[in-house]
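**Student:** Next comes data.cif, mmCIF, C-alpha atoms:
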data_coords
#
loop_
_atom_site.label_atom_id
_atom_site.label_comp_id
_atom_site.auth_asym_id
_atom_site.auth_seq_id
_atom_site.Cartn_x
_atom_site.Cartn_y
_atom_site.Cartn_z
CA MET C 116 0.00 0.00 0.00
CA SER C 117 2.73 2.50 0.82
CA ASN C 118 6.36 2.93 -0.10
CA CYS C 119 7.75 2.49 3.41
CA GLY C 120 11.50 2.05 3.18
CA VAL C 121 11.61 2.52 -0.58
CA LYS C 122 13.33 5.61 -1.96
CA MET C 123 11.37 6.87 -4.93
CA SER C 124 13.09 8.39 -7.93
CA MET C 125 12.03 11.78 -9.23
CA SER C 126 11.14 10.22 -12.58
CA SER C 127 8.40 8.02 -11.12
CA PRO C 128 5.10 9.10 -12.70
CA ASP C 129 3.04 8.24 -9.61
CA GLN C 130 5.36 9.90 -7.09
CA ASP C 131 3.79 12.46 -4.81
CA PRO C 132 5.27 15.84 -5.83
CA ARG C 133 5.61 16.73 -2.16
CA ALA C 134 8.16 13.88 -1.79
CA ALA C 135 11.04 15.79 -3.39
CA ASP C 136 13.99 17.10 -1.34
CA LEU C 137 13.55 15.79 2.19
CA PRO C 138 14.72 18.47 4.66
CA GLU C 139 16.54 15.97 6.87
CA GLY C 140 17.56 13.65 4.03
CA GLY C 141 16.84 9.95 3.99
CA GLU C 142 13.94 8.09 2.51
CA VAL C 143 10.27 8.95 2.34
CA ILE C 144 8.58 6.89 5.05
CA ALA C 145 5.14 6.86 3.44
CA HIS C 146 3.38 7.87 0.24
CA ILE C 147 0.86 10.67 0.84
CA PRO C 148 -1.80 9.53 -1.66
CA ASP C 149 -1.69 5.99 -0.21
CA GLU C 150 -2.09 7.30 3.33
CA GLU C 151 -4.90 9.65 2.27
CA ALA C 152 -6.66 6.67 0.65
CA ALA C 153 -6.21 4.65 3.86
CA LEU C 154 -7.66 7.52 5.88
CA ARG C 155 -10.66 7.73 3.53
CA ALA C 156 -11.17 3.96 3.87
CA PHE C 157 -11.07 4.40 7.67
CA ALA C 158 -13.66 7.20 7.53
CA LYS C 159 -15.90 5.05 5.31
CA ALA C 160 -15.57 2.07 7.66
CA VAL C 161 -16.50 4.23 10.66
CA SER C 162 -19.46 5.77 8.81
CA GLU C 163 -20.82 2.28 8.04
CA ILE C 164 -20.96 1.25 11.71
CA PRO C 165 -24.54 1.47 12.95
CA GLU C 166 -25.26 4.20 15.50
CA GLY C 167 -24.74 2.93 19.02
CA GLU C 168 -22.47 0.06 17.94
CA PRO C 169 -18.89 0.12 19.28
CA ILE C 170 -16.09 0.87 16.83
CA PRO C 171 -14.01 -2.33 16.51
CA ASP C 172 -10.40 -2.11 17.70
CA GLU C 173 -9.15 -3.08 14.23
CA ILE C 174 -10.85 -0.04 12.70
CA VAL C 175 -9.36 2.22 15.40
CA GLN C 176 -5.93 0.73 14.58
CA GLN C 177 -6.53 1.36 10.86
CA GLY C 178 -7.24 5.04 11.58
CA LEU C 179 -4.29 5.47 13.95
CA THR C 180 -1.96 3.91 11.39
CA ALA C 181 -3.13 6.12 8.52
CA LEU C 182 -3.14 9.31 10.60
CA THR C 183 0.28 8.61 12.10
CA ARG C 184 1.89 7.80 8.74
CA LEU C 185 0.27 10.81 7.02
CA TYR C 186 1.31 13.24 9.78
CA ALA C 187 4.82 11.77 9.90
CA VAL C 188 5.49 11.97 6.17
CA LYS C 189 4.19 15.55 6.03
CA PHE C 190 6.49 16.39 8.95
CA GLN C 191 9.35 14.63 7.16
CA LEU C 192 8.67 16.76 4.06
CA GLY C 193 8.99 19.96 6.09
CA GLU C 194 5.42 20.67 7.21
CA ARG C 195 5.41 21.69 10.87
CA TRP C 196 1.99 22.06 12.47
CA GLU C 197 0.51 20.95 15.77
CA PRO C 198 -1.08 17.50 15.74
CA PHE C 199 -4.20 18.72 17.59
CA THR C 200 -6.46 21.67 16.84
CA GLU C 201 -6.70 24.44 19.43
CA SER C 202 -10.34 23.52 20.04
CA SER C 203 -9.51 19.85 20.75
CA LEU C 204 -8.37 19.26 24.30
CA VAL C 205 -6.05 16.25 24.57
CA PRO C 206 -4.98 15.71 28.16
CA ALA C 207 -1.27 15.12 28.73
CA THR C 208 -2.09 11.71 30.21
CA ALA C 209 -3.90 10.68 27.02
CA ALA C 210 -0.95 11.82 24.90
CA MET C 211 1.49 9.91 27.14
CA ILE C 212 -0.64 6.75 26.98
CA MET C 213 -0.76 6.93 23.18
CA CYS C 214 2.95 7.74 22.83
CA THR C 215 3.88 4.88 25.16
CA ALA C 216 1.70 2.39 23.27
CA MET C 217 3.08 3.55 19.90
CA MET C 218 6.69 3.33 21.07
CA ARG C 219 6.13 -0.16 22.51
CA ALA C 220 4.50 -1.28 19.27
CA VAL C 221 7.60 -0.33 17.26
CA ASN C 222 10.07 -1.35 19.97
CA VAL C 223 11.55 2.12 20.58
CA GLU C 224 12.79 3.20 24.01
CA VAL C 225 12.53 6.74 25.39
CA PHE C 226 16.33 7.06 25.19
CA GLU C 227 16.23 6.26 21.46
CA LEU C 228 13.51 8.86 20.96
CA GLY C 229 15.64 11.46 22.72
CA MET C 230 18.66 10.60 20.57
CA TRP C 231 16.59 10.81 17.37
CA GLN C 232 15.15 14.19 18.44
CA SER C 233 18.63 15.59 19.09
CA TRP C 234 20.02 14.28 15.79
CA SER C 235 17.03 15.25 13.63
CA GLY C 236 16.19 18.59 15.18
CA ALA C 237 12.56 17.45 15.47
#
Could you express the structure from this file as structure tokens?
**Tutor:**
Amino acid sequence: MSNCGVKMSMSSPDQDPRAADLPEGGEVIAHIPDEEAALRAFAKAVSEIPEGEPIPDEIVQQGLTALTRLYAVKFQLGERWEPFTESSLVPATAAMIMCTAMMRAVNVEVFELGMWQSWSGA
């Protein structure tokens, strides 16, 4: 679905034009049109759940994956904006729970995150 770990050449006809010249170098970690399609599929799946029915965990995971990859690739391409709107209150505890779960899922320790932040300037 996405080009995770694959460096795309500038001559590729289906390359996202925003994927040129990565500010910090390296490879594009996702393909924006693929992630936008995944996000649309997530929205469609949620809209098809009958009112009052719980949203299955797998659909929540689908949305988290698409949103995380889309935000991350846009950040990687130089876009710097807050992940939450000013009108959306996300308690620090909720952010820490989510960050902890995400880091565990990809086997990254807090020390590694700190090192990456200092090296990347993120």
**Student:** Take the PyMOL selection byres ((chain C and resi 154) around 12), apply it to the structure above, and return the hits as a PyMOL selection string.
**Tutor:** chain C and resi 147-153+155-161+174-186
**Student:** Which residue gives the smallest distance to C:Ala187 among C:Met213, C:Ile170, C:Val143, C:Met218, with all atoms listed in the file counted?
**Tutor:**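 Of C:Met213, C:Ile170, C:Val143, C:Met218, the one nearest C:Ala187, counting all atoms listed in the file, is C:Val143.
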**Student:** Please enclose the listed atoms of stretch 183-191 of chain C in an axis-aligned box, pad each side by 3 Å, and write out the centre and the three edge lengths in Å, rounded to one decimal, as lines of an AutoDock Vina configuration file.
**Tutor:**
center_x = 4.8
center_y = 12.1
center_z = 9.1
size_x = 15.1
size_y = 14.6
size_z = 12.1
**Student:** Hey, can you check how far atom CA of C:Met211 sits from atom CA of C:Ala237?
**Tutor:** 17.8 Å
**Student:** Can you tell me how far atom CA of C:Phe199 sits from atom CA of C:Thr215, in Å to one decimal?
**Tutor:**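 So the two atoms, atom CA of C:Phe199 and atom CA of C:Thr215, lie 17.7 Å apart.
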**Student:** Calculate how many Å separate atom CA of C:Gly193 from atom CA of C:Val205, rounding to one decimal.
**Tutor:**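 Spanning atom CA of C:Gly193 to atom CA of C:Val205 is a straight-line distance of 24.1 Å.
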